[in-house]
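J.: My questions all concern the structure below.
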Amino acid sequence: MAGYNTIRAFAPATVANVACGFDVFGLALEQPGDEVELTLNHTGRVIIRAITGDNGCLPAEASRNTAGIALLAMLQSVASGLGAELVLHKKLPLGSGMGSSAASAVAALVAANASLGNPLSPRELIPFALVAEQEACGAAHADNVAPALLGGFVLIRDAQHGDMINIPVPPDLRCVVVHPHISINTRQARQALRHYIRLSDATRQWANTAALVAAMYEQNYELLSRALCDVVAEPVRSLFVPGFDRVKQAALYAGALGCSLSGSGPSMFALCRSEENGYQVCRAMQQAFHDAGLPSDGFVSAVNTTGARVVNQEKTP
Ligand code: HSE
């Protein structure tokens, strides 16, 4: 029986929520991202042969790992009888708010799809990645997996029905992400949120989500800056991040358009109007985390408009 090529795929880090858009906005970064090497076979089983970069923290059982869960769901649906062996290279820190679980799932799906000759579009892969998100954090939120797969800035109108819209972003816009060296469990960070919010807060929030979309279309940085405001999740979740207020102040003082938590945190993101300002803001945020007693890693990136991709293919002997 003919063997399958080993395929290596990359899926980028993502910033979910983007301040006001809890579970409805997400954007993809150019770097960093997770990589998966995957070889399909005819065993009907998914085996994770190795995981690098996770300090031994992730389960290697396919049914307990987001890469394996997504892959099992996909193979069951479109290639029943096939199995796979994979090696997962974790480059994203776990529990960082940078879409780590989504990136692993998406990289595995993109590699498997390529190996099958791309029978599915990136959009058609989203439901399988959502199975993994549901398992990982108790909710099938698509604001990490959709931008990781599709690239760009994505508005999730209705994840269950695949209603997702790519919103154009100004070409000079840069996203800064600073990851302080602590981790936050997304499931717990979701449970901490209030389930009911005041009507006046809801009004402010949906005004800002609509304004943010308008600002992107108009390339209007002043409006974008005003719209980057979260009165729903940030007031609760910021309490879990030491130094949050001073890091946000430092970002704004250094010229950022806005700054908030990346996903459920602890990473914080800022949007900036140029690459040069992105680096200034990144340095200021890292210094503020340092002053709060936390070492951190900083990233400055354009919005990744292409999303996850195959990075090479090799023929197995
Ligand atoms: N929208 C999700 C949340 C993103 O805020 O819980 C998690 O990365």
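Numbering starts fresh at 1 for the residues of each chain in the structure tokens, the chains themselves are lettered A, B, ... in the order given, and ligands are numbered from 1 as they appear.
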If you count only C-alpha atoms and all ligand atoms, which residues end up within 7 Å of ligand 1, as a count of residues only?

T.: 15

J.: Find the spatial neighbours of A:Gly151, counting only C-alpha atoms, within a cut-off of 9 Å - ignore same-chain residues fewer than 4 positions away - and output them as a PyMOL selection string.

T.: chain A and resi 12+27-29+146-147+166+303-308

J.: Using only C-alpha atoms, which of A:Arg309, A:Arg226, A:His290, A:Arg157 sits nearest A:Cys259?

T.: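 Looking at the shortest contact to A:Cys259, the residue is A:Arg226.
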
J.: Looking at A:Leu224, A:Val15, A:Cys20, A:Ala139, which one is nearest to A:Arg204, with distances taken over only C-alpha atoms?

T.: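 For A:Arg204, the nearest of the given residues is A:Cys20.
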
J.: Fewer than 2 positions away in the same chain doesn't count, so skip those; otherwise give me all residues within 8 Å of stretch 111-116 of chain A, counting only C-alpha atoms, as a list of chain:residue names.

T.: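 Listed by chain and then number, they are A:Tyr4, A:Asn5, A:Thr6, A:Ile7, A:Arg8, A:Ala9, A:Val36, A:Glu37, A:Leu38, A:Thr39, A:Leu40, A:Leu71, A:Ala107, A:Ala108, A:Leu109, A:Asn118, A:Pro119, A:Leu120, A:Val310.
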
J.: Quick check for you: according to DSSP on this backbone, which residues of stretch 79-207 of chain A are classed as alpha helix (DSSP H)? Reply as a ChimeraX atom specification.

T.: /A:100-115,122-137,145-150,186-191,199-207
